[in-house]
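Written below as structure tokens is the structure these notes are about.
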Amino acid sequence: MNETVKAVVITGPGRPLETRRFPAPRPRPGGAVLEMIASEVCGTDVHLFHGRLSGVPYPIIPGHVNCGRVLETNGSLADVEGRPLEPGRLVTFFDVFGTCGNCWHCLVAKAATRCPHRKVYGITTSAADGLLGGWAERIEILPGVRLLPLPDGLDALDFMGGGCGLPTGFHAVERAGVSLGDAVVVQGSGPVGLNAAIFAQLSGALRVFVLGAPRARLDAALRLGAEDALNIEEVADAADRIAWVRDRTAGRGADVVIEASGNPAAVPEGLEMLRDAGRYVVVGQYTDAGDVSLNPHRHINRKHATILGCWGYEFTHLHRAIEMMSRHNARFRWRDLITRVYPIEEATQALQDMERLSVVKAVIRPQSFSGKDAHTAGL
Ligand SMILES: [Zn+2]
Ligand SMILES: [Zn+2]
């Protein structure tokens with residue numbers, strides 16, 4: 001029997017998406033195959049589509065944050081707490097694999113997200129190596145890839161409403177070391193910024209302010225508990241935005257500022273929004289969008305600022321972020337961040353909508369659920 005499954009392929013930078021058929025994968029020893037339920041569409045996929053990331057082995061199947069059901073395993077598999085993962089279980093997985101635990105970065109610097117052997121599903125995996133991206137009816141879980149069962153009470157769309165912004169925002173807030181009672185400014189209202197606003201509150205921030213655009217994302221920020229939100233399309237002058245923050249922080253600036261905007265100009269602006277001896281985390285500059293000038297005396301030295309970068313996330317961030325989501329889902333309702341769910345055939349539309357920011361969160365539904373209702377399918 002030559003069963004095949006459908007997948008969407010980015011064949012090269014700027015080239016139209018193609019739907020291709022692949023042989024149905026069989027799990028390798030210690031691995032598994034998932035029936036895909038939902039896959040994220042995020043800013044990274046737009047960058048991949050345009051070829052803005054280096055070292056991408058086109059053609060690729062995009063989709064790095066995914067949710068599916070275990071279809072088949074090869075040998076018994078367990079989650080990190082030793083609980084068995086059997087066919088039928090609703091799971092996600094840590095999209096990073098190949099981190100060696102053996103190199104200078106892993107062993108000496110203890111900076112696993114900078115391990116040169118690290119690979120990421122849907123980003124640095126080639127379609128020539130199989131179904132290793134989520135815009136596909138099935139996905140292969142390679143041996144060693146960590147599966148995480150979704151906790152009871154969370155379904156696929158709850159989790160996908162967080163997407164990769166969930167562990168990324170979590171990691172940024174952890175880096176920021178938010179203290180009880182802090183005033184936190186988040187620059188950027190995309191999924192990373194919105195999740196940073198959530199986790200800042202859960203870390204004890206008393207007040208959270210979000211600067212971004214468009215309006216729908218700022219409305220989401222307010223719903224998620226931001227005290228105030230500023231539309232950068234309406235307030236185009238950086239000096240006015242800095243004044244907006246200072247007006248709300250007794251003229252001093254915020255204790256913590258988290259940059260999640262993707263715009264290099266946000267960095268000197270954000271440092272002006274930071275109080276003396278505050279902490280600044282840069283998580284939004286995922287691609288190289290260019291240089292910017294700083295005043296080292298004013299922005300760093302005299303300010304006594306702590307400035308931190310934040311690259312990717314580790315298993316611990318994903319694991320703890322999901323546990324937090326499970327506990328706090330009634331309050332933050334992550335699934336409400338999903339503006340639209342696209343059938344796999346409309347992947348191009350999903351990318352276009354993401355690029356135009358006309359959606360807060362977009363999700364691909366790889367299966368056509370003919371004959372099954374959405375609930376049975378995990379949606
Ligand atoms: Zn390593
Ligand atoms: Zn992503």
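Residue names in the structure tokens use chain letters A, B, ... in the order shown, residue numbers from 1 in each chain, and ligand numbers from 1 in the order shown.
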
Worksheet entry | Near-ligand residues for ligand 1, threshold 10 Å, only C-alpha atoms and all ligand atoms, as number ranges by chain | A: 98-118

Item to complete: For ligand 2, collect every residue having any atom at a distance of at most 12 Å from a ligand atom (counting only C-alpha atoms and all ligand atoms); output as a PyMOL selection string.
Response: chain A and resi 39-48+62-66+95-96+120-123+133-134+160-169+190-192+284+286+312-313+354+361-363

Practice prompt. DSSP on the backbone, then: every residue of range 144-319 of chain A marked strand (DSSP E or B), written as a VMD selection string.
Written response: chain A and resid 147 to 149 183 to 187 207 to 212 228 to 231 254 to 259 274 to 282 306 to 309

Item to complete: Select from range 201-283 of chain A everything DSSP, run on the backbone, classes as helix (DSSP H, G or I), then give the selection as a PyMOL selection string.
Response: chain A and resi 201-202+215-223+238-247+266-272

Hey, can you spit out that residue selection with C-alpha atoms as an mmCIF file, in the first residue's frame?
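Okay, out-v9.cif is ready:
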```cif
data_model
loop_
_atom_site.group_PDB
_atom_site.id
_atom_site.type_symbol
_atom_site.label_atom_id
_atom_site.label_comp_id
_atom_site.auth_asym_id
_atom_site.auth_seq_id
_atom_site.Cartn_x
_atom_site.Cartn_y
_atom_site.Cartn_z
ATOM 1 C CA GLN A 201 1.674 39.960 35.055
ATOM 2 C CA LEU A 202 2.014 36.362 36.210
ATOM 3 C CA ARG A 215 -5.745 48.333 16.795
ATOM 4 C CA ALA A 216 -6.934 44.711 17.037
ATOM 5 C CA ARG A 217 -3.653 43.694 18.650
ATOM 6 C CA LEU A 218 -3.812 46.565 21.126
ATOM 7 C CA ASP A 219 -7.386 45.611 21.996
ATOM 8 C CA ALA A 220 -6.056 42.122 22.678
ATOM 9 C CA ALA A 221 -3.353 43.601 24.931
ATOM 10 C CA LEU A 222 -5.981 45.477 26.942
ATOM 11 C CA ARG A 223 -8.147 42.384 27.223
ATOM 12 C CA ALA A 238 9.277 58.549 19.193
ATOM 13 C CA ALA A 239 9.567 61.496 21.591
ATOM 14 C CA ASP A 240 5.799 61.421 22.117
ATOM 15 C CA ARG A 241 5.869 57.687 22.801
ATOM 16 C CA ILE A 242 8.680 58.079 25.310
ATOM 17 C CA ALA A 243 6.712 60.874 26.999
ATOM 18 C CA TRP A 244 3.646 58.595 27.088
ATOM 19 C CA VAL A 245 5.616 56.015 29.064
ATOM 20 C CA ARG A 246 7.259 58.565 31.356
ATOM 21 C CA ASP A 247 3.887 60.203 32.072
ATOM 22 C CA ALA A 266 12.662 50.379 18.916
ATOM 23 C CA VAL A 267 15.881 49.702 20.854
ATOM 24 C CA PRO A 268 17.176 53.254 21.481
ATOM 25 C CA GLU A 269 13.555 54.331 21.932
ATOM 26 C CA GLY A 270 12.972 51.580 24.483
ATOM 27 C CA LEU A 271 16.112 52.511 26.390
ATOM 28 C CA GLU A 272 14.683 56.019 26.738
#
```

Excluding range 10-18 of chain A and any residue of its chain fewer than 4 positions from it, enumerate the residues within 6 Å of it, using only C-alpha atoms, and give them as a CSV table (one decimal) with all heavy atoms, in the first residue's frame.
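Generated output (around_3.csv):
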```
chain,number,residue,atom,x,y,z
A,49,PHE,N,9.3,32.6,3.8
A,49,PHE,CA,8.7,32.7,2.5
A,49,PHE,C,9.5,33.7,1.7
A,49,PHE,O,9.7,33.5,0.5
A,49,PHE,CB,7.3,33.2,2.7
A,49,PHE,CG,6.5,33.3,1.5
A,49,PHE,CD1,6.4,32.2,0.6
A,49,PHE,CD2,5.8,34.5,1.2
A,49,PHE,CE1,5.6,32.3,-0.6
A,49,PHE,CE2,5.1,34.6,0.0
A,49,PHE,CZ,5.0,33.5,-0.9
A,50,HIS,N,10.0,34.8,2.3
A,50,HIS,CA,10.8,35.8,1.6
A,50,HIS,C,12.3,35.5,1.6
A,50,HIS,O,13.0,36.3,1.0
A,50,HIS,CB,10.5,37.2,2.2
A,50,HIS,CG,9.1,37.6,1.9
A,50,HIS,ND1,8.6,37.8,0.7
A,50,HIS,CD2,8.1,37.9,2.8
A,50,HIS,CE1,7.3,38.2,0.8
A,50,HIS,NE2,7.0,38.3,2.1
A,51,GLY,N,12.7,34.5,2.3
A,51,GLY,CA,14.1,34.2,2.3
A,51,GLY,C,15.0,35.1,3.2
A,51,GLY,O,16.1,35.3,2.9
A,58,TYR,N,16.0,25.0,1.8
A,58,TYR,CA,14.9,24.9,0.9
A,58,TYR,C,15.0,23.7,0.0
A,58,TYR,O,16.2,23.4,-0.4
A,58,TYR,CB,14.7,26.2,0.0
A,58,TYR,CG,14.4,27.4,0.8
A,58,TYR,CD1,15.4,28.3,1.1
A,58,TYR,CD2,13.1,27.7,1.3
A,58,TYR,CE1,15.2,29.5,1.8
A,58,TYR,CE2,12.9,28.8,2.0
A,58,TYR,CZ,13.9,29.7,2.3
A,58,TYR,OH,13.6,30.9,3.0
A,59,PRO,N,14.0,23.0,-0.4
A,59,PRO,CA,12.6,23.3,-0.1
A,59,PRO,C,12.3,22.8,1.4
A,59,PRO,O,12.8,21.8,1.8
A,59,PRO,CB,11.8,22.4,-1.1
A,59,PRO,CG,12.8,21.2,-1.3
A,59,PRO,CD,14.1,21.8,-1.3
A,60,ILE,N,11.4,23.5,2.0
A,60,ILE,CA,11.0,23.2,3.4
A,60,ILE,C,9.5,23.1,3.5
A,60,ILE,O,8.8,23.8,2.8
A,60,ILE,CB,11.6,24.2,4.4
A,60,ILE,CG1,11.0,25.6,4.2
A,60,ILE,CG2,13.1,24.2,4.4
A,60,ILE,CD1,11.1,26.5,5.4
```

Worksheet entry | Residues near Gly188 in chain A, cut-off 10 Å, only C-alpha atoms, skip fewer than 2 positions along chain, as a ChimeraX atom specification | /A:185-186,190-194,196,210-213,217-218,231-232,258-263,266,284

Practice prompt. Please provide as a PyMOL selection string all residues within 9 Å of Leu157 in chain A, with the sequence filter that same-chain residues fewer than 2 positions apart are discarded (counting only C-alpha atoms).
Written response: chain A and resi 38+67+154-155+159-162+334-336+338+363+378-379

Fill in: Spatial neighbours of Glu227 in chain A, max dist 7 Å, only C-alpha atoms, sep filter under 3 positions, as a PyMOL selection string
chain A and resi 207-209+222

Take the residues from that selection and put them in a file with N, CA and C atoms, as a JSON list (two decimals), in the first residue's frame.
```
[["chain", "number", "residue", "atom", "x", "y", "z"],
["A", 207, "ARG", "N", 1.91, 46.76, 36.75],
["A", 207, "ARG", "CA", 1.39, 47.54, 35.63],
["A", 207, "ARG", "C", 2.13, 47.13, 34.37],
["A", 208, "VAL", "N", 1.37, 46.93, 33.30],
["A", 208, "VAL", "CA", 1.97, 46.57, 32.02],
["A", 208, "VAL", "C", 1.43, 47.53, 30.96],
["A", 209, "PHE", "N", 2.34, 48.08, 30.16],
["A", 209, "PHE", "CA", 1.97, 48.98, 29.07],
["A", 209, "PHE", "C", 2.48, 48.40, 27.76],
["A", 222, "LEU", "N", -5.15, 44.94, 25.85],
["A", 222, "LEU", "CA", -5.98, 45.48, 26.94],
["A", 222, "LEU", "C", -6.82, 44.37, 27.56]]
```

Discussion item. Neighbouring residues of Gly181 in chain A were defined as those with any atom within 12 Å, considering only C-alpha atoms; residues of the same chain fewer than 3 positions away were excluded. Please report them as a list in words.
Written reply: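 So the residues in contact are Val178, Val184, Ala200, Gln201, Leu202, Ser203, Gly204, Ala205, Leu206, Arg207, Val208, Ala254, Asp255 and Val256 of chain A.
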
Discussion item. Would you compute the distance between CA of Pro366 in chain A and CA of Asn2 in chain A? Give it in Å to one decimal.
Written reply: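 A separation of 20.1 Å between them.
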